[in-house]
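Quick look at start.txt (compact mmCIF, C-alpha atoms and all ligand atoms):
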# COMPACT_ATOMS: atom_id res chain seq x y z
CA MET Y 1327 -18.92 2.16 39.51
CA ALA Y 1328 -17.83 -1.30 40.32
CA ALA Y 1329 -15.10 -3.04 38.41
CA ILE Y 1330 -14.47 -6.41 39.87
CA SER Y 1331 -11.99 -8.96 38.71
CA ARG Y 1332 -11.06 -12.12 40.57
CA ASN Y 1333 -8.54 -14.83 40.39
CA TYR Y 1334 -9.88 -17.94 42.02
CA GLN Y 1335 -8.10 -21.14 42.83
CA SER Y 1336 -10.43 -23.88 41.70
CA ALA Y 1337 -10.87 -27.19 43.44
CA LEU Y 1338 -8.75 -28.77 40.71
CA GLY Y 1339 -5.92 -26.45 41.62
CA TYR Y 1340 -5.68 -24.34 38.50
CA LYS Y 1341 -6.28 -20.69 38.31
CA PHE Y 1342 -9.02 -19.02 36.48
CA ASN Y 1343 -10.00 -15.45 36.19
CA PHE Y 1344 -12.86 -13.31 35.40
CA ILE Y 1345 -13.34 -9.66 35.05
CA ARG Y 1346 -16.49 -8.04 36.15
CA PHE Y 1347 -17.09 -4.50 35.33
CA LEU Y 1348 -18.98 -1.27 35.37
CA ILE Y 1349 -22.43 -0.37 36.61
CA THR Y 1350 -22.45 3.25 37.41
CA SER Y 1351 -24.38 5.62 39.61
CA ARG Y 1352 -27.97 5.71 38.38
CA THR Y 1353 -28.97 2.16 37.66
CA ASN Y 1354 -32.13 0.13 37.53
CA LYS Y 1355 -33.02 -2.73 39.86
CA HIS Y 1356 -31.22 -5.45 37.94
CA GLU Y 1357 -28.14 -3.32 37.48
CA ARG Y 1358 -28.00 -2.54 41.20
CA LEU Y 1359 -28.32 -6.22 41.97
CA THR Y 1360 -25.50 -7.09 39.60
CA HIS Y 1361 -23.39 -4.41 41.22
CA TYR Y 1362 -24.12 -5.80 44.64
CA LEU Y 1363 -23.39 -9.38 43.60
CA SER Y 1364 -20.13 -8.30 42.01
CA ASN Y 1365 -19.06 -6.86 45.31
CA VAL Y 1366 -19.92 -9.85 47.47
CA ARG Y 1367 -18.03 -12.25 45.21
CA THR Y 1368 -14.79 -12.44 47.08
CA GLY Y 1369 -13.14 -15.84 46.72
CA SER Y 1370 -14.41 -17.17 50.05
CA CYS Y 1371 -17.87 -15.71 49.55
CA TRP Y 1372 -18.38 -17.27 46.15
CA PHE Y 1373 -20.51 -20.14 47.34
CA ALA Y 1374 -22.46 -18.01 49.78
CA ALA Y 1375 -23.10 -15.42 47.10
CA ASN Y 1376 -24.51 -18.03 44.77
CA VAL Y 1377 -26.76 -19.47 47.45
CA PHE Y 1378 -27.88 -15.92 48.11
CA LEU Y 1379 -28.49 -15.42 44.44
CA TYR Y 1380 -30.69 -18.49 44.21
CA ILE Y 1381 -32.68 -17.53 47.31
CA LEU Y 1382 -33.18 -14.09 45.88
CA ILE Y 1383 -34.29 -15.48 42.55
CA LEU Y 1384 -36.70 -17.90 44.16
CA THR Y 1385 -38.21 -15.40 46.55
CA SER Y 1386 -38.43 -12.24 44.51
CA CYS Y 1387 -38.14 -12.88 40.82
CA GLY Y 1388 -40.01 -16.07 39.99
CA ASN Y 1389 -38.33 -17.48 36.92
CA VAL Y 1390 -36.50 -14.24 36.20
CA GLU Y 1391 -32.79 -14.11 37.03
CA SER Y 1392 -30.81 -10.89 37.16
CA SER Y 1393 -27.50 -12.60 36.41
CA ARG Y 1394 -26.06 -16.09 36.06
CA SER Y 1395 -22.45 -17.32 36.32
CA GLU Y 1396 -21.17 -20.69 35.16
CA PHE Y 1397 -17.74 -22.15 34.54
CA ALA Y 1398 -17.15 -22.70 30.83
CA LEU Y 1399 -14.34 -22.19 28.31
CA GLY Y 1400 -11.84 -22.46 31.17
CA THR Y 1401 -13.19 -19.40 32.92
CA VAL Y 1402 -16.15 -17.94 34.77
CA CYS Y 1403 -18.82 -16.78 32.36
CA THR Y 1404 -21.35 -14.29 33.66
CA ILE Y 1405 -24.43 -13.26 31.74
CA THR Y 1406 -26.47 -10.32 32.97
CA LEU Y 1407 -29.76 -9.63 31.28
CA PHE Y 1408 -30.89 -6.22 32.44
CA GLU Y 1409 -34.47 -6.84 31.36
CA HIS Y 1410 -36.68 -9.88 30.98
CA GLY Y 1411 -34.01 -12.27 32.23
CA LYS Y 1412 -36.05 -15.44 31.96
CA SER Y 1413 -34.29 -18.62 33.07
CA ARG Y 1414 -35.02 -20.12 29.67
CA VAL Y 1415 -33.06 -17.34 27.95
CA TYR Y 1416 -30.07 -17.90 30.25
CA ASP Y 1417 -30.32 -21.62 29.45
CA ASP Y 1418 -30.25 -20.89 25.70
CA ILE Y 1419 -27.25 -18.61 26.02
CA PHE Y 1420 -25.25 -21.03 28.15
CA ASN Y 1421 -26.19 -23.93 25.86
CA ARG Y 1422 -24.73 -22.01 22.94
CA ILE Y 1423 -21.53 -21.28 24.91
CA ARG Y 1424 -21.17 -24.96 25.82
CA GLU Y 1425 -21.82 -26.02 22.24
CA ILE Y 1426 -18.90 -23.85 21.14
CA GLU Y 1427 -16.72 -25.12 23.97
CA ASN Y 1428 -17.44 -28.74 23.00
CA ILE Y 1429 -16.27 -28.03 19.46
CA MET Y 1430 -13.30 -25.73 20.10
CA SER Y 1431 -11.71 -26.69 23.40
CA VAL Y 1432 -8.49 -28.69 23.34
CA ASN Y 1433 -9.37 -29.75 26.90
CA ILE Y 1434 -12.39 -31.73 25.66
CA PRO Y 1435 -11.07 -35.01 24.18
CA ALA Y 1436 -13.90 -35.46 21.67
CA SER Y 1437 -13.84 -31.88 20.36
CA ASP Y 1438 -13.58 -31.17 16.62
CA ILE Y 1439 -10.38 -29.28 17.21
CA ASN Y 1440 -8.77 -32.33 18.78
CA SER Y 1441 -9.77 -34.38 15.73
CA VAL Y 1442 -8.03 -31.83 13.52
CA ASN Y 1443 -4.94 -31.95 15.75
CA ALA Y 1444 -4.89 -35.74 15.89
CA SER Y 1445 -4.89 -35.86 12.08
CA ALA Y 1446 -2.01 -33.40 11.65
CA GLY Y 1447 0.24 -34.51 8.83
CA THR Y 1448 -2.18 -37.29 7.91
CA ALA Y 1449 -5.57 -36.15 6.64
CA PRO Y 1450 -7.95 -33.21 6.36
CA VAL Y 1451 -10.85 -33.22 8.80
CA ARG Y 1452 -14.35 -31.98 8.06
CA VAL Y 1453 -15.33 -29.67 10.90
CA HIS Y 1454 -18.38 -27.89 12.24
CA ASP Y 1455 -19.15 -24.54 10.57
CA ASP Y 1456 -18.47 -22.70 13.84
CA LEU Y 1457 -14.95 -24.08 14.01
CA PHE Y 1458 -14.27 -23.52 10.33
CA ASN Y 1459 -15.29 -19.86 10.63
CA VAL Y 1460 -13.10 -19.29 13.68
CA ILE Y 1461 -10.05 -20.98 12.12
CA GLU Y 1462 -10.59 -18.94 8.95
CA SER Y 1463 -10.66 -15.73 11.01
CA ALA Y 1464 -7.66 -16.86 13.05
CA TYR Y 1465 -5.77 -17.41 9.80
CA TYR Y 1466 -6.69 -13.91 8.67
CA TYR Y 1467 -5.39 -12.31 11.90
CA ALA Y 1468 -2.25 -14.46 11.79
CA ASP Y 1469 -1.59 -13.08 8.30
CA LEU Y 1470 -2.43 -9.52 9.36
CA SER Y 1471 -0.05 -9.69 12.35
CA ARG Y 1472 2.58 -11.60 10.35
CA GLY Y 1473 2.35 -14.49 12.74
CA ALA Y 1474 2.54 -12.60 16.07
CA PHE Y 1475 -0.92 -14.07 16.57
CA ASP Y 1476 -0.77 -17.69 15.43
CA PRO Y 1477 -3.49 -20.28 16.10
CA SER Y 1478 -0.95 -23.05 15.44
CA VAL Y 1479 0.76 -22.10 18.71
CA GLY Y 1480 -0.55 -25.37 20.29
CA PRO Y 1481 2.78 -27.23 20.61
CA LEU Y 1482 4.31 -24.23 22.39
CA VAL Y 1483 1.36 -23.92 24.79
CA SER Y 1484 1.67 -27.64 25.60
CA LEU Y 1485 5.46 -27.47 25.97
CA TRP Y 1486 5.22 -24.72 28.58
CA GLY Y 1487 2.12 -26.29 30.15
CA ILE Y 1488 0.93 -22.74 30.69
CA ASN Y 1489 -2.74 -23.72 30.74
CA SER Y 1490 -2.10 -26.76 32.93
CA ALA Y 1491 -1.62 -27.22 36.67
CA ASN Y 1492 2.13 -27.77 36.19
CA PRO Y 1493 3.67 -25.13 33.97
CA ARG Y 1494 7.45 -25.27 33.48
CA ILE Y 1495 10.30 -23.56 31.65
CA PRO Y 1496 11.33 -25.79 28.74
CA SER Y 1497 14.97 -26.21 27.72
CA ARG Y 1498 16.32 -24.21 24.79
CA ALA Y 1499 16.64 -27.45 22.83
CA GLU Y 1500 12.95 -28.26 23.38
CA ILE Y 1501 11.97 -24.78 22.19
CA ARG Y 1502 14.23 -25.11 19.16
CA GLU Y 1503 12.57 -28.40 18.24
CA THR Y 1504 9.06 -27.02 18.73
CA LEU Y 1505 9.34 -23.73 16.81
CA PRO Y 1506 9.23 -25.24 13.29
CA LEU Y 1507 5.79 -26.65 14.11
CA ILE Y 1508 4.35 -23.17 14.69
CA ASN Y 1509 3.35 -21.78 11.32
CA TRP Y 1510 -0.17 -20.76 10.39
CA ARG Y 1511 0.71 -21.02 6.70
CA ASN Y 1512 0.71 -24.78 7.19
CA ILE Y 1513 -3.00 -24.72 7.99
CA GLU Y 1514 -4.90 -25.70 4.87
CA LEU Y 1515 -8.54 -24.67 4.69
CA ASP Y 1516 -10.99 -26.05 2.16
CA THR Y 1517 -14.00 -23.74 2.01
CA GLU Y 1518 -15.96 -26.16 -0.19
CA THR Y 1519 -15.82 -29.11 2.18
CA LYS Y 1520 -15.27 -27.08 5.37
CA SER Y 1521 -12.27 -29.21 6.17
CA VAL Y 1522 -9.02 -28.33 7.89
CA PHE Y 1523 -5.64 -29.93 7.31
CA LEU Y 1524 -2.53 -29.32 9.36
CA LYS Y 1525 0.24 -30.08 6.93
CA GLN Y 1526 2.92 -31.13 9.39
CA ARG Y 1527 2.81 -34.01 11.83
CA GLY Y 1528 3.04 -32.68 15.40
CA MET Y 1529 1.26 -29.40 14.59
CA SER Y 1530 -1.72 -28.45 16.73
CA LEU Y 1531 -4.21 -25.61 16.86
CA ASP Y 1532 -4.99 -23.69 20.04
CA LEU Y 1533 -7.85 -21.21 19.80
CA GLY Y 1534 -7.45 -19.88 23.35
CA ALA Y 1535 -6.83 -16.39 22.01
CA ILE Y 1536 -9.94 -16.15 19.84
CA ALA Y 1537 -12.62 -18.73 20.80
CA LYS Y 1538 -13.89 -16.84 23.84
CA GLY Y 1539 -14.50 -13.80 21.66
CA TYR Y 1540 -16.48 -15.90 19.17
CA ALA Y 1541 -18.46 -17.47 22.01
CA ALA Y 1542 -19.20 -14.00 23.41
CA ASP Y 1543 -20.53 -12.85 20.02
CA GLU Y 1544 -22.67 -15.98 19.76
CA ALA Y 1545 -23.94 -15.55 23.32
CA ALA Y 1546 -24.93 -11.98 22.44
CA ALA Y 1547 -26.65 -13.23 19.28
CA ALA Y 1548 -28.61 -15.78 21.32
CA ALA Y 1549 -29.69 -13.02 23.71
CA ARG Y 1550 -30.77 -10.78 20.84
CA ARG Y 1551 -32.70 -13.65 19.25
CA ALA Y 1552 -34.62 -13.94 22.49
CA GLY Y 1553 -35.56 -10.26 22.23
CA ILE Y 1554 -33.13 -9.02 24.87
CA LYS Y 1555 -32.41 -5.33 24.38
CA ARG Y 1556 -29.91 -4.65 27.20
CA ALA Y 1557 -27.40 -7.12 28.54
CA MET Y 1558 -23.80 -7.80 29.45
CA ILE Y 1559 -21.93 -10.91 28.40
CA ASP Y 1560 -18.71 -11.47 30.32
CA LEU Y 1561 -16.71 -14.56 29.38
CA GLY Y 1562 -13.72 -14.28 31.67
CA GLY Y 1563 -13.09 -10.69 30.71
CA ASN Y 1564 -14.27 -10.92 27.10
CA ILE Y 1565 -17.06 -8.43 27.45
CA VAL Y 1566 -19.92 -7.70 25.10
CA ILE Y 1567 -22.40 -5.00 25.97
CA ILE Y 1568 -25.81 -5.06 24.32
CA GLY Y 1569 -27.94 -1.95 24.08
CA ARG Y 1570 -27.85 1.38 25.84
CA ARG Y 1571 -27.81 2.27 29.47
CA LYS Y 1572 -31.16 3.31 30.87
CA ASP Y 1573 -29.87 6.83 31.53
CA LYS Y 1574 -28.46 7.01 27.95
CA ASN Y 1575 -24.93 7.66 29.26
CA PRO Y 1576 -22.10 5.56 27.86
CA TRP Y 1577 -21.26 2.32 29.62
CA ARG Y 1578 -18.10 2.36 31.64
CA VAL Y 1579 -15.81 -0.61 31.57
CA GLY Y 1580 -13.02 -0.89 34.10
CA ILE Y 1581 -9.53 -1.83 32.93
CA GLN Y 1582 -7.74 -4.10 35.38
CA ASN Y 1583 -4.65 -2.73 37.10
CA PRO Y 1584 -1.97 -5.22 35.98
CA ASP Y 1585 -0.09 -4.69 39.27
CA GLY Y 1586 -3.12 -4.51 41.52
CA ASN Y 1587 -5.47 -6.88 43.22
CA ARG Y 1588 -8.19 -8.41 41.15
CA GLY Y 1589 -10.86 -5.78 40.75
CA SER Y 1590 -8.62 -2.75 41.09
CA VAL Y 1591 -8.65 -0.72 37.92
CA VAL Y 1592 -6.36 1.83 36.30
CA GLY Y 1593 -9.25 3.59 34.66
CA LEU Y 1594 -12.44 3.32 32.69
CA VAL Y 1595 -13.33 3.10 29.07
CA ARG Y 1596 -16.56 4.86 28.17
CA THR Y 1597 -18.32 3.27 25.28
CA PRO Y 1598 -21.69 2.66 23.70
CA GLU Y 1599 -22.70 -0.90 22.81
CA ALA Y 1600 -19.42 -2.69 21.99
CA SER Y 1601 -17.07 -5.46 22.93
CA VAL Y 1602 -14.13 -4.79 25.26
CA VAL Y 1603 -11.36 -7.38 25.51
CA THR Y 1604 -8.04 -7.27 27.37
CA SER Y 1605 -4.92 -9.40 27.03
CA GLY Y 1606 -2.35 -8.99 29.77
CA ILE Y 1607 0.61 -10.44 31.60
CA TYR Y 1608 -1.42 -10.90 34.78
CA GLU Y 1609 -4.11 -13.24 33.43
CA ARG Y 1610 -2.28 -16.54 33.61
CA PHE Y 1611 1.35 -16.88 34.61
CA PHE Y 1612 3.88 -18.58 36.85
CA GLU Y 1613 7.00 -17.24 38.45
CA GLN Y 1614 10.41 -18.82 38.77
CA ASP Y 1615 13.56 -17.24 40.22
CA GLY Y 1616 11.89 -13.84 40.23
CA THR Y 1617 10.86 -13.96 36.57
CA ARG Y 1618 7.28 -14.02 35.41
CA TYR Y 1619 6.31 -16.33 32.56
CA HIS Y 1620 2.88 -15.46 31.15
CA HIS Y 1621 0.58 -17.09 28.65
CA ILE Y 1622 0.97 -15.04 25.47
CA PHE Y 1623 3.85 -16.43 23.46
CA SER Y 1624 6.00 -14.95 20.79
CA PRO Y 1625 5.80 -17.60 18.06
CA SER Y 1626 9.20 -16.44 16.79
CA SER Y 1627 11.15 -16.80 20.06
CA GLY Y 1628 9.11 -19.55 21.73
CA TYR Y 1629 9.10 -17.55 24.98
CA PRO Y 1630 6.35 -15.41 26.50
CA ALA Y 1631 6.15 -12.16 24.50
CA ASP Y 1632 8.50 -9.85 26.36
CA ASN Y 1633 7.99 -6.20 25.65
CA GLU Y 1634 7.09 -2.92 27.37
CA LEU Y 1635 3.39 -3.75 27.63
CA ALA Y 1636 1.51 -5.01 30.68
CA SER Y 1637 -1.85 -5.17 28.89
CA VAL Y 1638 -3.74 -4.21 25.76
CA THR Y 1639 -7.47 -3.53 25.70
CA ILE Y 1640 -9.32 -3.51 22.39
CA ILE Y 1641 -12.72 -1.90 21.98
CA THR Y 1642 -14.66 -2.75 18.84
CA GLN Y 1643 -18.01 -4.15 17.74
CA ASN Y 1644 -17.07 -7.78 17.18
CA SER Y 1645 -15.74 -9.69 20.18
CA MET Y 1646 -13.89 -12.33 18.17
CA ILE Y 1647 -11.98 -9.58 16.38
CA ALA Y 1648 -11.32 -7.81 19.70
CA ASP Y 1649 -10.03 -11.08 21.17
CA ALA Y 1650 -7.73 -11.86 18.25
CA LEU Y 1651 -6.46 -8.29 18.10
CA SER Y 1652 -5.78 -7.96 21.83
CA THR Y 1653 -3.50 -11.00 21.65
CA ALA Y 1654 -1.95 -9.97 18.32
CA VAL Y 1655 -1.23 -6.41 19.44
CA PHE Y 1656 0.11 -7.60 22.77
CA ALA Y 1657 2.47 -10.04 21.04
CA LEU Y 1658 3.57 -7.35 18.56
CA GLY Y 1659 4.34 -4.73 21.22
CA TYR Y 1660 3.31 -1.08 21.19
CA GLU Y 1661 5.06 0.24 18.05
CA GLN Y 1662 4.16 -2.59 15.70
CA GLY Y 1663 0.78 -3.12 17.36
CA SER Y 1664 -0.21 0.55 16.90
CA LEU Y 1665 0.79 0.40 13.26
CA LEU Y 1666 -1.45 -2.60 12.77
CA LEU Y 1667 -4.38 -0.84 14.47
CA GLU Y 1668 -3.93 2.26 12.32
CA ARG Y 1669 -4.82 0.11 9.32
CA LEU Y 1670 -8.17 -0.89 10.82
CA ARG Y 1671 -11.37 1.07 11.19
CA GLY Y 1672 -13.67 1.16 14.20
CA VAL Y 1673 -11.08 -0.28 16.57
CA GLN Y 1674 -9.92 1.56 19.69
CA ALA Y 1675 -7.23 0.52 22.12
CA VAL Y 1676 -5.80 1.26 25.56
CA PHE Y 1677 -2.19 0.23 26.18
CA VAL Y 1678 -1.01 -0.14 29.76
CA PHE Y 1679 2.78 -0.20 30.05
CA LYS Y 1680 4.90 -1.92 32.68
CA ASP Y 1681 6.33 1.51 33.66
CA ARG Y 1682 2.79 2.60 34.64
CA SER Y 1683 2.20 4.87 31.70
CA ILE Y 1684 -0.92 4.50 29.56
CA ARG Y 1685 -1.52 5.36 25.95
CA THR Y 1686 -4.72 5.18 23.97
CA THR Y 1687 -5.69 5.40 20.34
CA LYS Y 1688 -7.04 8.85 19.43
CA ASP Y 1689 -10.70 7.92 19.50
CA ALA Y 1690 -10.68 5.90 22.75
CA ASN Y 1691 -12.71 7.49 25.54
CA PHE Y 1692 -10.53 6.60 28.55
CA ILE Y 1693 -10.70 8.10 32.04
CA LEU Y 1694 -7.77 7.57 34.38
CA THR Y 1695 -8.78 6.68 37.94
CA ASP Y 1696 -5.52 5.40 39.46
CA ARG Y 1697 -3.21 8.37 39.92
CA SER Y 1698 -0.13 6.16 40.25
CA TYR Y 1699 -0.50 5.76 36.47
CA THR Y 1700 -0.10 8.54 33.91
CA VAL Y 1701 -1.66 8.98 30.50
CA SER Y 1702 1.15 9.88 28.13
CA ASN Y 1703 -0.42 10.00 24.71
CA PRO Y 1704 2.00 11.18 22.04
P1 LIG Y 1801 -7.02 -14.78 27.70
O1 LIG Y 1801 -7.11 -16.24 27.37
O2 LIG Y 1801 -6.49 -14.50 29.04
O3 LIG Y 1801 -8.26 -14.04 27.37
P2 LIG Y 1801 -5.69 -14.19 25.21
O4 LIG Y 1801 -6.94 -13.96 24.47
O5 LIG Y 1801 -4.58 -13.23 24.92
O6 LIG Y 1801 -5.90 -14.19 26.76
O7 LIG Y 1801 -5.24 -15.66 24.82
C1 LIG Y 1801 -4.13 -16.29 25.39
C2 LIG Y 1801 -4.17 -17.75 25.01
O8 LIG Y 1801 -3.98 -17.89 23.60
C3 LIG Y 1801 -3.07 -18.58 25.65
O9 LIG Y 1801 -3.51 -19.17 26.85
C4 LIG Y 1801 -2.79 -19.61 24.57
O10 LIG Y 1801 -3.70 -20.67 24.67
C5 LIG Y 1801 -3.02 -18.88 23.29
N1 LIG Y 1801 -1.86 -18.15 22.76
C6 LIG Y 1801 -0.69 -17.83 23.40
N2 LIG Y 1801 0.13 -17.12 22.61
C7 LIG Y 1801 -0.53 -16.99 21.42
C8 LIG Y 1801 -0.19 -16.35 20.18
N3 LIG Y 1801 0.95 -15.70 20.00
N4 LIG Y 1801 -1.10 -16.42 19.18
C9 LIG Y 1801 -2.29 -17.08 19.34
N5 LIG Y 1801 -2.64 -17.70 20.48
C10 LIG Y 1801 -1.78 -17.64 21.52
MG MG Y 1802 -7.25 -12.86 22.75
Could you take the file, read its structure, and then write that structure out as structure tokens?
Amino acid sequence: MAAISRNYQSALGYKFNFIRFLITSRTNKHERLTHYLSNVRTGSCWFAANVFLYILILTSCGNVESSRSEFALGTVCTITLFEHGKSRVYDDIFNRIREIENIMSVNIPASDINSVNASAGTAPVRVHDDLFNVIESAYYYADLSRGAFDPSVGPLVSLWGINSANPRIPSRAEIRETLPLINWRNIELDTETKSVFLKQRGMSLDLGAIAKGYAADEAAAAARRAGIKRAMIDLGGNIVIIGRRKDKNPWRVGIQNPDGNRGSVVGLVRTPEASVVTSGIYERFFEQDGTRYHHIFSPSSGYPADNELASVTIITQNSMIADALSTAVFALGYEQGSLLLERLRGVQAVFVFKDRSIRTTKDANFILTDRSYTVSNP
């Protein structure tokens, strides 16, 4: 087993993360290679590992690559095709990911989402089908979580600068002024014209909690279209597994230890083909005067969601749903979050608490590996 997660400091000075996972004992050639590459990717070895990867590809595989990593959607995206990994297929998958990024990223000035935000309070904007579908789903999960997950969280994300190089604690007055702008009910969707209208001036959408999941689903679809039967899509920890392991055993996905170094895990989730997505307090944060301020906000308080949870992992078939739910359940906290999950079918969860206890939903197949944690299912 190898479960690798890293937190690199990019040349631009902001942090990005990615979670690598699994690969267990009996593996085929590509799987072993992925395992090996995962292990050599320490921060300082990143460049060397990639050079190594290219040499290996050129010398032994022709135009077949065992794995490819690129920076997209604000994170490291790694695609591993366990069979028939033609360069052309990797190109198709990454093209699809970039297409989605160009539409949905608030960091790309010409994106559709920025057009919607720029027209807040003024006019509806006709958007790409991809974006319309994601906003529609985001609206649904905002409703389901009664606004704990809210795609109109944009003004709060900007106020805290949590996704920027200079995050800061805003004043109470600033938070008070910003909160009325956060309300998913003020997103108007026209299914006929596929247009989106933000009813209040100053509102803005931020799809950071759901777009990676959608992109992971679309990347998986692109792989399947190319005839790929077994693969792993890892968009900064949004994982989609395609197919079965060669030895027919379940896949094992490591769950990051929220208190540990990148790559250290509290345990493993065993699952067949599925998506596994985690939201946690360790992904993106800053610290001031001994307090940690992380990137999942409570839209009601305007502060980072502060509850007993350190992370929530959702396991289900659709990665966009897993992504939305991991953020929603994290923001709701354990009690409310579990109640929400009980209403859904085919969704499993692992909750890691700050006090180092772990709970899972009944059907989750979780194996504890770090004995400093305890599983305390009710
Ligand atoms: P990650 O981006 O690490 O995978 P999440 O999926 O939980 O983690 O998304 C967190 C991101 O979602 C934040 O960086 C921010 O852009 C946005 N966000 C923060 N709080 C909320 C919220 N309550 N509802 C919806 N989106 C949020
Ligand atoms: Mg999410």
Residues of chain Y that approach ligand MG 1802 (chain Y) to 7 Å or less, counting all atoms listed in the file: could you list each one with the shortest pair of atoms and its distance in Å to one decimal, rows by chain and increasing residue number, as a Markdown table?
| residue | atom | partner | partner_atom | distance |
| --- | --- | --- | --- | --- |
| Y:Ala1535 | CA | Y:MG1802 | MG | 3.6 |
| Y:Ile1536 | CA | Y:MG1802 | MG | 5.2 |
| Y:Ser1605 | CA | Y:MG1802 | MG | 6.0 |
| Y:Asp1649 | CA | Y:MG1802 | MG | 3.7 |
| Y:Ala1650 | CA | Y:MG1802 | MG | 4.6 |
| Y:Leu1651 | CA | Y:MG1802 | MG | 6.6 |
| Y:Ser1652 | CA | Y:MG1802 | MG | 5.2 |
| Y:Thr1653 | CA | Y:MG1802 | MG | 4.3 |
Distance of CA of Ser1624 (chain Y) from atom N3 of ligand LIG 1801 (chain Y), expressed in Å to one decimal place: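 Separating atom N3 of ligand LIG 1801 (chain Y) from CA of Ser1624 (chain Y) is a distance of 5.2 Å.
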Polymer residues at most 7 Å from Val1566 (chain Y), only C-alpha atoms, same-chain spacing of 3 or more positions, as a PyMOL selection string: chain Y and resi 1542+1558-1560+1600-1602+1645
Counting all atoms listed in the file, the option among Y:Gly1528, Y:Gly1553, Y:Gly1447, Y:Gly1628 closest to ligand LIG 1801 (chain Y):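 Looking only at the distances to ligand LIG 1801 (chain Y), the closest residue turns out to be Y:Gly1628.
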For region 1510-1519 of chain Y: contacts at 8 Å, only C-alpha atoms, fewer than 3 positions along chain excluded, given as a list in words: Arg1452, Glu1462, Tyr1465, Ala1468, Gly1473, Asp1476, Pro1477, Ser1478, Val1522, Phe1523, Leu1524, Lys1525 and Gln1526 of chain Y
Using all atoms listed in the file, determine which residues lie at most 8 Å from region 1489-1497 of chain Y, disregarding the query and same-chain residues fewer than 2 positions distant; provide the list as a PDB file with C-alpha atoms, keeping the file's coordinate frame.
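Heads up, here's the output in out31.pdb:
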ATOM      1  CA  GLY Y1339      -5.920 -26.450  41.620  1.00  0.00           C
ATOM      2  CA  TYR Y1340      -5.680 -24.340  38.500  1.00  0.00           C
ATOM      3  CA  VAL Y1483       1.360 -23.920  24.790  1.00  0.00           C
ATOM      4  CA  SER Y1484       1.670 -27.640  25.600  1.00  0.00           C
ATOM      5  CA  LEU Y1485       5.460 -27.470  25.970  1.00  0.00           C
ATOM      6  CA  TRP Y1486       5.220 -24.720  28.580  1.00  0.00           C
ATOM      7  CA  GLY Y1487       2.120 -26.290  30.150  1.00  0.00           C
ATOM      8  CA  ALA Y1499      16.640 -27.450  22.830  1.00  0.00           C
ATOM      9  CA  GLU Y1500      12.950 -28.260  23.380  1.00  0.00           C
ATOM     10  CA  ILE Y1501      11.970 -24.780  22.190  1.00  0.00           C
ATOM     11  CA  ARG Y1610      -2.280 -16.540  33.610  1.00  0.00           C
ATOM     12  CA  PHE Y1612       3.880 -18.580  36.850  1.00  0.00           C
ATOM     13  CA  HIS Y1621       0.580 -17.090  28.650  1.00  0.00           C
TER      14      HIS Y1621
END
Residue among Y:Val1655, Y:Met1529, Y:Ile1423, Y:Ala1675 lying closest to ligand LIG 1801 (chain Y), counting only C-alpha atoms and all ligand atoms: Y:Val1655
Point-to-point distance from CA of Val1701 (chain Y) to CA of Gln1674 (chain Y), Å rounded to tenths: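 Rounded to one decimal, the two atoms are 15.5 Å apart.
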Point (10.5, -13.5, 27.0) neighbourhood (12 Å, only C-alpha atoms) written as a ChimeraX atom specification: /Y:1495,1607,1617-1634,1657
Residue among Y:Tyr1699, Y:Tyr1540, Y:Phe1420, Y:Phe1679 lying closest to Val1591 (chain Y), counting only C-alpha atoms: Y:Tyr1699
Around (-7.5, -35.9, 3.6), as given in the file, which residues come within 9 Å? Count all atoms listed in the file and list them as a PDB file with C-alpha atoms, keeping the file's coordinate frame.
ATOM      1  CA  SER Y1445      -4.890 -35.860  12.080  1.00  0.00           C
ATOM      2  CA  THR Y1448      -2.180 -37.290   7.910  1.00  0.00           C
ATOM      3  CA  ALA Y1449      -5.570 -36.150   6.640  1.00  0.00           C
ATOM      4  CA  PRO Y1450      -7.950 -33.210   6.360  1.00  0.00           C
ATOM      5  CA  VAL Y1451     -10.850 -33.220   8.800  1.00  0.00           C
ATOM      6  CA  SER Y1521     -12.270 -29.210   6.170  1.00  0.00           C
ATOM      7  CA  VAL Y1522      -9.020 -28.330   7.890  1.00  0.00           C
ATOM      8  CA  PHE Y1523      -5.640 -29.930   7.310  1.00  0.00           C
TER       9      PHE Y1523
END
Counting only C-alpha atoms and all ligand atoms, the residue of Y:Arg1588, Y:Arg1424, Y:Arg1556, Y:Arg1472 that sits nearest ligand LIG 1801 (chain Y):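 Of all the options, Y:Arg1472 lies closest to ligand LIG 1801 (chain Y).
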Interatomic distance, CA of Glu1427 (chain Y) to CA of Pro1598 (chain Y) (Å, one decimal): 28.2 Å
